>>> print(open('coords27.pdb').read())   # PDB, C-alpha atoms
ATOM      1  CA  MET Y   1      -9.866  20.785 -27.440
ATOM      2  CA  HIS Y   2      -7.847  17.642 -27.996
ATOM      3  CA  TRP Y   3      -4.292  16.462 -27.380
ATOM      4  CA  ASN Y   4      -2.598  13.585 -29.224
ATOM      5  CA  PHE Y   5      -0.394  11.015 -27.488
ATOM      6  CA  GLY Y   6       1.308   7.650 -27.994
ATOM      7  CA  PRO Y   7       2.585   5.168 -28.448
ATOM      8  CA  ARG Y   8       4.358   5.428 -25.088
ATOM      9  CA  PHE Y   9       4.182   1.817 -23.887
ATOM     10  CA  GLY Y  10       4.465  -1.701 -25.246
ATOM     11  CA  THR Y  11       5.719  -2.257 -28.797
ATOM     12  CA  PRO Y  12       6.421   1.039 -30.607
ATOM     13  CA  GLY Y  13       4.370   1.680 -33.729
ATOM     14  CA  LYS Y  14       1.238  -0.296 -32.874
ATOM     15  CA  THR Y  15      -1.675   1.855 -34.017
ATOM     16  CA  PHE Y  16      -3.993   0.720 -31.229
ATOM     17  CA  GLN Y  17      -1.681   2.481 -28.780
ATOM     18  CA  ARG Y  18      -2.310   5.916 -30.301
ATOM     19  CA  TYR Y  19      -4.877   8.035 -28.482
ATOM     20  CA  GLN Y  20      -6.141  11.549 -28.020
ATOM     21  CA  VAL Y  21      -7.590  13.182 -24.928
ATOM     22  CA  ILE Y  22     -10.683  15.190 -25.870
ATOM     23  CA  LEU Y  23     -12.478  17.895 -23.917
ATOM     24  CA  THR Y  24     -15.560  19.093 -25.798
ATOM     25  CA  GLU Y  25     -16.599  22.750 -25.806
ATOM     26  CA  GLU Y  26     -19.679  21.850 -23.790
ATOM     27  CA  GLN Y  27     -17.632  20.131 -21.086
ATOM     28  CA  GLU Y  28     -15.037  22.902 -21.093
ATOM     29  CA  GLU Y  29     -17.763  25.495 -20.457
ATOM     30  CA  ARG Y  30     -19.317  23.354 -17.725
ATOM     31  CA  LEU Y  31     -16.012  22.840 -15.921
ATOM     32  CA  ALA Y  32     -15.256  26.565 -16.184
ATOM     33  CA  GLY Y  33     -18.270  27.129 -13.972
ATOM     34  CA  THR Y  34     -17.419  24.416 -11.435
ATOM     35  CA  CYS Y  35     -13.893  23.203 -10.669
ATOM     36  CA  PHE Y  36     -12.087  25.771 -12.858
ATOM     37  CA  ARG Y  37     -13.974  28.867 -11.691
ATOM     38  CA  PRO Y  38     -12.013  32.052 -12.559
ATOM     39  CA  THR Y  39     -11.292  33.115  -9.006
ATOM     40  CA  HIS Y  40      -8.502  32.834  -6.474
ATOM     41  CA  ALA Y  41     -10.943  32.282  -3.611
ATOM     42  CA  ALA Y  42     -10.828  29.153  -1.468
ATOM     43  CA  LEU Y  43     -14.085  27.462  -2.491
ATOM     44  CA  SER Y  44     -15.536  23.975  -2.320
ATOM     45  CA  GLY Y  45     -14.933  22.004  -5.506
ATOM     46  CA  ARG Y  46     -12.373  24.417  -6.999
ATOM     47  CA  ILE Y  47      -9.090  23.236  -8.523
ATOM     48  CA  MET Y  48      -6.092  25.556  -8.228
ATOM     49  CA  ARG Y  49      -5.245  25.433 -11.930
ATOM     50  CA  ALA Y  50      -6.101  27.872 -14.744
ATOM     51  CA  GLY Y  51      -7.941  25.205 -16.753
ATOM     52  CA  PHE Y  52      -7.952  21.585 -17.864
ATOM     53  CA  ALA Y  53      -4.859  21.920 -20.063
ATOM     54  CA  CYS Y  54      -2.880  23.310 -17.111
ATOM     55  CA  LEU Y  55      -4.063  20.369 -15.038
ATOM     56  CA  LEU Y  56      -3.324  17.733 -17.687
ATOM     57  CA  PHE Y  57       0.191  19.001 -18.297
ATOM     58  CA  SER Y  58       1.081  19.718 -14.659
ATOM     59  CA  GLU Y  59       4.556  18.397 -13.976
ATOM     60  CA  ASP Y  60       3.393  16.322 -11.025
ATOM     61  CA  LEU Y  61       0.200  14.968 -12.654
ATOM     62  CA  CYS Y  62       0.783  14.464 -16.386
ATOM     63  CA  GLU Y  63       2.709  11.201 -16.169
ATOM     64  CA  GLN Y  64       0.234   9.776 -13.655
ATOM     65  CA  ILE Y  65      -2.843  10.649 -15.726
ATOM     66  CA  LEU Y  66      -1.438   9.453 -19.039
ATOM     67  CA  GLY Y  67       0.071   6.359 -17.444
ATOM     68  CA  LYS Y  68      -3.299   5.258 -16.052
ATOM     69  CA  ILE Y  69      -5.059   5.923 -19.349
ATOM     70  CA  GLU Y  70      -2.451   3.951 -21.260
ATOM     71  CA  GLU Y  71      -2.561   1.059 -18.823
ATOM     72  CA  GLN Y  72      -6.328   0.860 -19.315
ATOM     73  CA  ILE Y  73      -6.098   1.074 -23.114
ATOM     74  CA  ARG Y  74      -3.769  -1.936 -23.166
ATOM     75  CA  PHE Y  75      -6.667  -4.174 -22.113
ATOM     76  CA  LEU Y  76      -9.416  -2.741 -24.335
ATOM     77  CA  ILE Y  77     -10.706  -4.399 -27.487
ATOM     78  CA  PRO Y  78     -10.806  -1.902 -30.378
ATOM     79  CA  VAL Y  79     -14.480  -2.284 -31.347
ATOM     80  CA  PRO Y  80     -15.401   0.785 -33.454
ATOM     81  CA  TRP Y  81     -17.019   3.512 -31.317
ATOM     82  CA  ARG Y  82     -17.859   1.201 -28.444
ATOM     83  CA  GLY Y  83     -17.704   3.193 -25.196
ATOM     84  CA  TYR Y  84     -15.615   2.018 -22.243
ATOM     85  CA  THR Y  85     -16.109   3.902 -18.984
ATOM     86  CA  PHE Y  86     -12.865   4.595 -17.140
ATOM     87  CA  ARG Y  87     -12.375   6.569 -13.919
ATOM     88  CA  LEU Y  88      -9.013   7.486 -12.434
ATOM     89  CA  SER Y  89      -7.609   9.355  -9.449
ATOM     90  CA  VAL Y  90      -4.126  10.833  -9.105
ATOM     91  CA  SER Y  91      -2.324  12.792  -6.382
ATOM     92  CA  SER Y  92      -0.314  16.006  -6.628
ATOM     93  CA  VAL Y  93       2.717  16.750  -4.479
ATOM     94  CA  GLY Y  94       0.726  19.308  -2.476
ATOM     95  CA  PRO Y  95      -2.806  20.701  -2.168
ATOM     96  CA  ILE Y  96      -4.440  21.135  -5.560
ATOM     97  CA  GLY Y  97      -7.893  22.305  -4.538
ATOM     98  CA  TRP Y  98     -10.806  21.975  -2.146
ATOM     99  CA  THR Y  99     -12.951  18.874  -2.265
ATOM    100  CA  SER Y 100     -16.738  19.170  -2.188
ATOM    101  CA  THR Y 101     -17.125  15.592  -0.945
ATOM    102  CA  ILE Y 102     -15.641  13.263   1.641
ATOM    103  CA  THR Y 103     -16.051   9.543   2.250
ATOM    104  CA  LYS Y 104     -15.915   7.520   5.467
ATOM    105  CA  GLU Y 105     -12.121   7.334   5.403
ATOM    106  CA  HIS Y 106     -11.744  11.103   5.865
ATOM    107  CA  LEU Y 107     -10.830  12.457   9.300
ATOM    108  CA  LEU Y 108     -13.803  14.849   9.244
ATOM    109  CA  TRP Y 109     -16.407  12.131   8.705
ATOM    110  CA  ARG Y 110     -17.220  11.504  12.378
ATOM    111  CA  SER Y 111     -17.259  15.233  13.169
ATOM    112  CA  LEU Y 112     -20.009  15.928  10.643
ATOM    113  CA  GLN Y 113     -22.883  14.786  12.826
ATOM    114  CA  PRO Y 114     -26.477  14.756  11.483
ATOM    115  CA  ARG Y 115     -27.295  18.075  13.171
ATOM    116  CA  TYR Y 116     -24.718  19.778  10.937
ATOM    117  CA  MET Y 117     -26.104  18.266   7.722
ATOM    118  CA  GLU Y 118     -29.105  18.806   5.445
ATOM    119  CA  LEU Y 119     -30.682  16.637   2.764
ATOM    120  CA  PHE Y 120     -30.439  18.017  -0.777
ATOM    121  CA  GLN Y 121     -30.957  16.872  -4.371
ATOM    122  CA  ILE Y 122     -27.616  16.266  -6.111
ATOM    123  CA  ASN Y 123     -29.279  15.746  -9.483
ATOM    124  CA  LYS Y 124     -32.387  14.029 -10.833
ATOM    125  CA  HIS Y 125     -30.842  10.648 -10.014
ATOM    126  CA  ALA Y 126     -29.664  11.124  -6.435
ATOM    127  CA  ASN Y 127     -30.015  12.837  -3.075
ATOM    128  CA  GLY Y 128     -27.313  13.338  -0.477
ATOM    129  CA  TYR Y 129     -26.358  15.143   2.716
ATOM    130  CA  ARG Y 130     -24.384  18.380   2.712
ATOM    131  CA  VAL Y 131     -23.033  20.693   5.394
ATOM    132  CA  ARG Y 132     -25.636  23.272   6.411
ATOM    133  CA  PRO Y 133     -24.629  26.842   5.422
ATOM    134  CA  ALA Y 134     -24.745  27.893   9.082
ATOM    135  CA  TYR Y 135     -21.804  25.532   9.754
ATOM    136  CA  HIS Y 136     -19.627  26.400   6.734
ATOM    137  CA  ASP Y 137     -17.223  28.436   8.865
ATOM    138  CA  ARG Y 138     -16.962  25.665  11.431
ATOM    139  CA  PHE Y 139     -16.462  22.977   8.778
ATOM    140  CA  PRO Y 140     -14.866  24.524   5.658
ATOM    141  CA  ALA Y 141     -14.368  22.335   2.600
ATOM    142  CA  PRO Y 142     -11.104  20.404   3.110
ATOM    143  CA  LEU Y 143      -7.969  20.884   1.052
ATOM    144  CA  THR Y 144      -7.055  17.895  -1.081
ATOM    145  CA  SER Y 145      -4.141  16.737  -3.208
ATOM    146  CA  VAL Y 146      -6.306  14.229  -5.136
ATOM    147  CA  ILE Y 147      -7.901  14.778  -8.543
ATOM    148  CA  THR Y 148     -10.538  12.425  -9.974
ATOM    149  CA  MET Y 149     -11.365  12.198 -13.666
ATOM    150  CA  ALA Y 150     -14.160  10.261 -15.382
ATOM    151  CA  THR Y 151     -13.737   9.392 -19.062
ATOM    152  CA  THR Y 152     -15.317   7.440 -21.888
ATOM    153  CA  ILE Y 153     -12.829   5.694 -24.189
ATOM    154  CA  ARG Y 154     -13.843   4.836 -27.770
ATOM    155  CA  TRP Y 155     -11.904   3.271 -30.635
ATOM    156  CA  ASN Y 156     -11.931   5.658 -33.621
ATOM    157  CA  PRO Y 157     -11.496   3.507 -36.759
ATOM    158  CA  ILE Y 158     -11.275   6.540 -39.036
ATOM    159  CA  ASP Y 159      -8.140   7.926 -37.388
ATOM    160  CA  ALA Y 160      -6.977   4.536 -36.069
ATOM    161  CA  ARG Y 161      -6.658   5.804 -32.523
ATOM    162  CA  TRP Y 162      -8.481   5.790 -29.190
ATOM    163  CA  ASN Y 163     -10.573   8.826 -28.307
ATOM    164  CA  VAL Y 164     -10.507   9.530 -24.558
ATOM    165  CA  TYR Y 165     -13.458  11.828 -23.810
ATOM    166  CA  VAL Y 166     -13.244  13.719 -20.519
ATOM    167  CA  GLU Y 167     -16.693  13.568 -18.900
ATOM    168  CA  THR Y 168     -15.866  15.289 -15.619
ATOM    169  CA  VAL Y 169     -13.006  16.330 -13.358
ATOM    170  CA  TYR Y 170     -13.166  17.238  -9.686
ATOM    171  CA  PRO Y 171     -10.874  17.638  -6.674
ATOM    172  CA  GLY Y 172     -11.120  14.814  -4.168
ATOM    173  CA  VAL Y 173     -11.381  11.044  -4.094
ATOM    174  CA  ASP Y 174     -13.583   9.130  -6.506
ATOM    175  CA  ILE Y 175     -17.164   8.925  -5.213
ATOM    176  CA  GLY Y 176     -18.366   6.902  -8.186
ATOM    177  CA  PRO Y 177     -20.965   7.691 -10.848
ATOM    178  CA  LEU Y 178     -23.996   9.821  -9.990
ATOM    179  CA  ARG Y 179     -26.328   8.216 -12.528
ATOM    180  CA  ALA Y 180     -26.400   4.583 -11.454
ATOM    181  CA  PRO Y 181     -29.785   3.216 -10.281
ATOM    182  CA  SER Y 182     -28.514   2.693  -6.735
ATOM    183  CA  CYS Y 183     -26.428   5.880  -6.475
ATOM    184  CA  SER Y 184     -28.873   7.768  -4.232
ATOM    185  CA  SER Y 185     -28.681   5.280  -1.370
ATOM    186  CA  ARG Y 186     -24.893   5.061  -1.825
ATOM    187  CA  MET Y 187     -24.494   8.857  -1.694
ATOM    188  CA  ILE Y 188     -26.599   9.120   1.475
ATOM    189  CA  ARG Y 189     -24.706   6.273   3.150
ATOM    190  CA  ASP Y 190     -21.125   6.794   2.005
ATOM    191  CA  VAL Y 191     -20.579  10.448   1.019
ATOM    192  CA  LYS Y 192     -20.942  13.895   2.632
ATOM    193  CA  PHE Y 193     -21.052  17.064   0.562
ATOM    194  CA  TRP Y 194     -20.384  20.802   0.612
ATOM    195  CA  ASP Y 195     -22.224  23.061  -1.819
ATOM    196  CA  TRP Y 196     -20.333  25.152  -4.380
ATOM    197  CA  ASN Y 197     -20.589  28.342  -2.305
ATOM    198  CA  ALA Y 198     -18.993  26.832   0.800
ATOM    199  CA  PRO Y 199     -15.638  28.377   1.754
ATOM    200  CA  GLY Y 200     -12.537  26.205   1.631
ATOM    201  CA  GLN Y 201      -9.990  25.464   4.322
ATOM    202  CA  PRO Y 202      -7.276  28.181   4.453
ATOM    203  CA  LEU Y 203      -4.010  27.322   2.754
ATOM    204  CA  SER Y 204      -2.037  28.328   5.849
TER     205      SER Y 204
END
>>> encode(input="coords27.pdb", output="structure tokens")
Amino acid sequence: MHWNFGPRFGTPGKTFQRYQVILTEEQEERLAGTCFRPTHAALSGRIMRAGFACLLFSEDLCEQILGKIEEQIRFLIPVPWRGYTFRLSVSSVGPIGWTSTITKEHLLWRSLQPRYMELFQINKHANGYRVRPAYHDRFPAPLTSVITMATTIRWNPIDARWNVYVETVYPGVDIGPLRAPSCSSRMIRDVKFWDWNAPGQPLS
């Protein structure tokens, strides 16, 4: 799927301001099994939207998302197909989902003592600590109004526009990339997790 935009800032008509947001079939399928799971249940990592298009064009999020993308594009050099990594976070007017991660700034951080946590493998690059299943009811995944999106932006010389590839989307604050050489120690030190099956905090 892709959606065309621009120019919406700066001098009208400049071709380098044109861009399209692209979600590949592979990424769409992956997100359908994570943050856009087809359920109404309160679950860790789930976004309360029917899919990425509903999220992108949400009245309270669209202008924020596109505004941040456009602000970033203004400073990029249009080298053909060179990839620029860009991460952004925006906030909705109310809860938009249940985060599967928290950082030290969250009110729950101090409550999640080591006895409530277990070490697990996030991926082949990193380990982290998550809430033990026995304590899911005591510490449900928190509601959040924040959405984080990671993208790769490339100049497409054939269409004379920027391609903004959506790499991932998740509810909650930005915890940074999970593939960097030092990400394992950072995840263990600075982030606490819930697994995908953990129940979320009730809406009321």
>>> closest_atom_pairs(input="coords27.pdb", of="region 141-198 of chain Y", to="region 109-124 of chain Y", cutoff="9 Å", atoms="all atoms listed in the file", output="Markdown table")
| residue | atom | partner | partner_atom | distance |
| --- | --- | --- | --- | --- |
| Y:Leu178 | CA | Y:Asn123 | CA | 8.0 |
| Y:Arg179 | CA | Y:Lys124 | CA | 8.6 |
| Y:Ser184 | CA | Y:Ile122 | CA | 8.8 |
| Y:Ile188 | CA | Y:Leu119 | CA | 8.7 |
| Y:Val191 | CA | Y:Trp109 | CA | 8.9 |
| Y:Lys192 | CA | Y:Trp109 | CA | 7.8 |
| Y:Phe193 | CA | Y:Met117 | CA | 8.8 |
>>> resolve_selection(input="coords27.pdb", expression="the PyMOL selection byres ((chain Y and resi 50-54) around 8)", output="list in words")
Glu28, Ala32, Phe36, Pro38, Met48, Arg49, Leu55, Leu56, Phe57 and Ser58 of chain Y
>>> atom_distance(input="coords27.pdb", atom1="CA of Tyr135 (chain Y)", atom2="CA of Pro177 (chain Y)")
27.3 Å
>>> closest_residue(input="coords27.pdb", among="Y:Ile65, Y:Val90, Y:Ile147, Y:Ile175", to="Arg189 (chain Y)", atoms="all atoms listed in the file")
Y:Ile175
>>> resolve_selection(input="coords27.pdb", expression="the PyMOL selection byres ((chain Y and resi 40) around 12)", output="PyMOL selection string")
chain Y and resi 35-39+41-43+46-50+97-98+199-200+202-203
>>> residues_around(input="coords27.pdb", residues="Val21 (chain Y)", least_positions_apart="6", cutoff="10 Å", atoms="only C-alpha atoms", output="VMD selection string")
chain Y and resid 1 to 5 56 66 69 151 153 162 to 166
>>> write_last_selection(input="coords27.pdb", atoms="C-alpha atoms", output="compact mmCIF listing (two decimals), in the coordinates of the input")
# COMPACT_ATOMS: atom_id res chain seq x y z
CA MET Y 1 -9.87 20.78 -27.44
CA HIS Y 2 -7.85 17.64 -28.00
CA TRP Y 3 -4.29 16.46 -27.38
CA ASN Y 4 -2.60 13.58 -29.22
CA PHE Y 5 -0.39 11.02 -27.49
CA LEU Y 56 -3.32 17.73 -17.69
CA LEU Y 66 -1.44 9.45 -19.04
CA ILE Y 69 -5.06 5.92 -19.35
CA THR Y 151 -13.74 9.39 -19.06
CA ILE Y 153 -12.83 5.69 -24.19
CA TRP Y 162 -8.48 5.79 -29.19
CA ASN Y 163 -10.57 8.83 -28.31
CA VAL Y 164 -10.51 9.53 -24.56
CA TYR Y 165 -13.46 11.83 -23.81
CA VAL Y 166 -13.24 13.72 -20.52
>>> decode(input="coords27.pdb", residues="region 129-161 of chain Y", atoms="N, CA, C and O atoms", output="short mmCIF file (atom, residue, chain, number, x, y, z; two decimals), in the first residue's frame")
data_model
loop_
_atom_site.label_atom_id
_atom_site.label_comp_id
_atom_site.auth_asym_id
_atom_site.auth_seq_id
_atom_site.Cartn_x
_atom_site.Cartn_y
_atom_site.Cartn_z
N TYR Y 129 14.19 -7.70 29.96
CA TYR Y 129 13.40 -8.19 31.09
C TYR Y 129 11.93 -7.89 30.85
O TYR Y 129 11.55 -6.78 30.49
N ARG Y 130 11.10 -8.91 31.07
CA ARG Y 130 9.65 -8.74 30.92
C ARG Y 130 8.94 -9.18 32.19
O ARG Y 130 9.49 -9.93 33.01
N VAL Y 131 7.69 -8.74 32.32
CA VAL Y 131 6.88 -9.10 33.48
C VAL Y 131 6.57 -10.60 33.42
O VAL Y 131 6.13 -11.11 32.39
N ARG Y 132 6.81 -11.29 34.53
CA ARG Y 132 6.51 -12.72 34.59
C ARG Y 132 5.00 -12.94 34.40
O ARG Y 132 4.18 -12.16 34.92
N PRO Y 133 4.60 -13.99 33.69
CA PRO Y 133 3.17 -14.25 33.49
C PRO Y 133 2.36 -14.32 34.78
O PRO Y 133 1.19 -13.91 34.81
N ALA Y 134 2.97 -14.80 35.85
CA ALA Y 134 2.26 -14.91 37.13
C ALA Y 134 1.84 -13.54 37.67
O ALA Y 134 0.94 -13.46 38.53
N TYR Y 135 2.46 -12.47 37.18
CA TYR Y 135 2.17 -11.12 37.68
C TYR Y 135 1.46 -10.24 36.65
O TYR Y 135 1.35 -9.03 36.83
N HIS Y 136 0.97 -10.86 35.56
CA HIS Y 136 0.26 -10.09 34.54
C HIS Y 136 -0.98 -9.40 35.10
O HIS Y 136 -1.28 -8.25 34.74
N ASP Y 137 -1.72 -10.09 35.95
CA ASP Y 137 -2.94 -9.47 36.50
C ASP Y 137 -2.61 -8.34 37.46
O ASP Y 137 -3.34 -7.35 37.54
N ARG Y 138 -1.51 -8.48 38.16
CA ARG Y 138 -1.10 -7.43 39.10
C ARG Y 138 -0.55 -6.22 38.35
O ARG Y 138 -0.77 -5.07 38.77
N PHE Y 139 0.17 -6.50 37.26
CA PHE Y 139 0.78 -5.41 36.47
C PHE Y 139 0.36 -5.55 35.01
O PHE Y 139 1.14 -6.01 34.17
N PRO Y 140 -0.88 -5.18 34.65
CA PRO Y 140 -1.28 -5.26 33.24
C PRO Y 140 -0.52 -4.24 32.40
O PRO Y 140 -0.01 -3.24 32.93
N ALA Y 141 -0.44 -4.50 31.11
CA ALA Y 141 0.23 -3.57 30.20
C ALA Y 141 -0.48 -2.22 30.24
O ALA Y 141 -1.71 -2.16 30.13
N PRO Y 142 0.25 -1.12 30.41
CA PRO Y 142 -0.38 0.19 30.57
C PRO Y 142 -1.01 0.73 29.29
O PRO Y 142 -0.52 0.49 28.18
N LEU Y 143 -2.10 1.46 29.45
CA LEU Y 143 -2.65 2.23 28.34
C LEU Y 143 -1.67 3.33 27.95
O LEU Y 143 -0.92 3.83 28.79
N THR Y 144 -1.70 3.70 26.68
CA THR Y 144 -0.83 4.78 26.22
C THR Y 144 -1.55 5.59 25.15
O THR Y 144 -2.42 5.07 24.44
N SER Y 145 -1.18 6.85 25.03
CA SER Y 145 -1.69 7.70 23.96
C SER Y 145 -0.61 7.96 22.91
O SER Y 145 -0.84 8.71 21.97
N VAL Y 146 0.55 7.33 23.08
CA VAL Y 146 1.71 7.58 22.20
C VAL Y 146 1.85 6.46 21.17
O VAL Y 146 1.71 5.28 21.50
N ILE Y 147 2.14 6.84 19.94
CA ILE Y 147 2.46 5.90 18.87
C ILE Y 147 3.87 6.21 18.37
O ILE Y 147 4.22 7.38 18.15
N THR Y 148 4.68 5.17 18.18
CA THR Y 148 6.02 5.33 17.63
C THR Y 148 6.10 4.63 16.28
O THR Y 148 5.55 3.54 16.11
N MET Y 149 6.75 5.28 15.33
CA MET Y 149 6.90 4.73 13.99
C MET Y 149 8.36 4.84 13.56
O MET Y 149 8.99 5.88 13.76
N ALA Y 150 8.90 3.76 13.00
CA ALA Y 150 10.25 3.77 12.46
C ALA Y 150 10.16 3.67 10.94
O ALA Y 150 9.41 2.83 10.42
N THR Y 151 10.89 4.52 10.24
CA THR Y 151 10.83 4.54 8.78
C THR Y 151 12.23 4.59 8.16
O THR Y 151 13.21 4.92 8.84
N THR Y 152 12.29 4.25 6.89
CA THR Y 152 13.47 4.49 6.08
C THR Y 152 13.04 5.37 4.91
O THR Y 152 12.08 5.04 4.20
N ILE Y 153 13.72 6.50 4.72
CA ILE Y 153 13.34 7.45 3.68
C ILE Y 153 14.39 7.40 2.56
O ILE Y 153 15.59 7.52 2.81
N ARG Y 154 13.92 7.20 1.33
CA ARG Y 154 14.82 7.11 0.17
C ARG Y 154 14.32 8.03 -0.95
O ARG Y 154 13.12 8.09 -1.21
N TRP Y 155 15.27 8.70 -1.61
CA TRP Y 155 14.93 9.52 -2.76
C TRP Y 155 14.75 8.61 -3.97
O TRP Y 155 15.65 7.84 -4.33
N ASN Y 156 13.57 8.68 -4.60
CA ASN Y 156 13.25 7.89 -5.79
C ASN Y 156 13.42 8.77 -7.02
O ASN Y 156 12.56 9.59 -7.32
N PRO Y 157 14.54 8.62 -7.76
CA PRO Y 157 14.78 9.50 -8.90
C PRO Y 157 13.86 9.21 -10.08
O PRO Y 157 13.67 10.07 -10.95
N ILE Y 158 13.29 8.03 -10.13
CA ILE Y 158 12.41 7.67 -11.24
C ILE Y 158 11.11 8.46 -11.16
O ILE Y 158 10.64 9.02 -12.16
N ASP Y 159 10.53 8.51 -9.97
CA ASP Y 159 9.27 9.24 -9.79
C ASP Y 159 9.48 10.66 -9.26
O ASP Y 159 8.52 11.39 -9.06
N ALA Y 160 10.75 11.02 -9.01
CA ALA Y 160 11.08 12.34 -8.47
C ALA Y 160 10.30 12.63 -7.21
O ALA Y 160 9.62 13.64 -7.06
N ARG Y 161 10.39 11.71 -6.25
CA ARG Y 161 9.73 11.88 -4.97
C ARG Y 161 10.46 11.05 -3.92
O ARG Y 161 11.27 10.17 -4.24
#
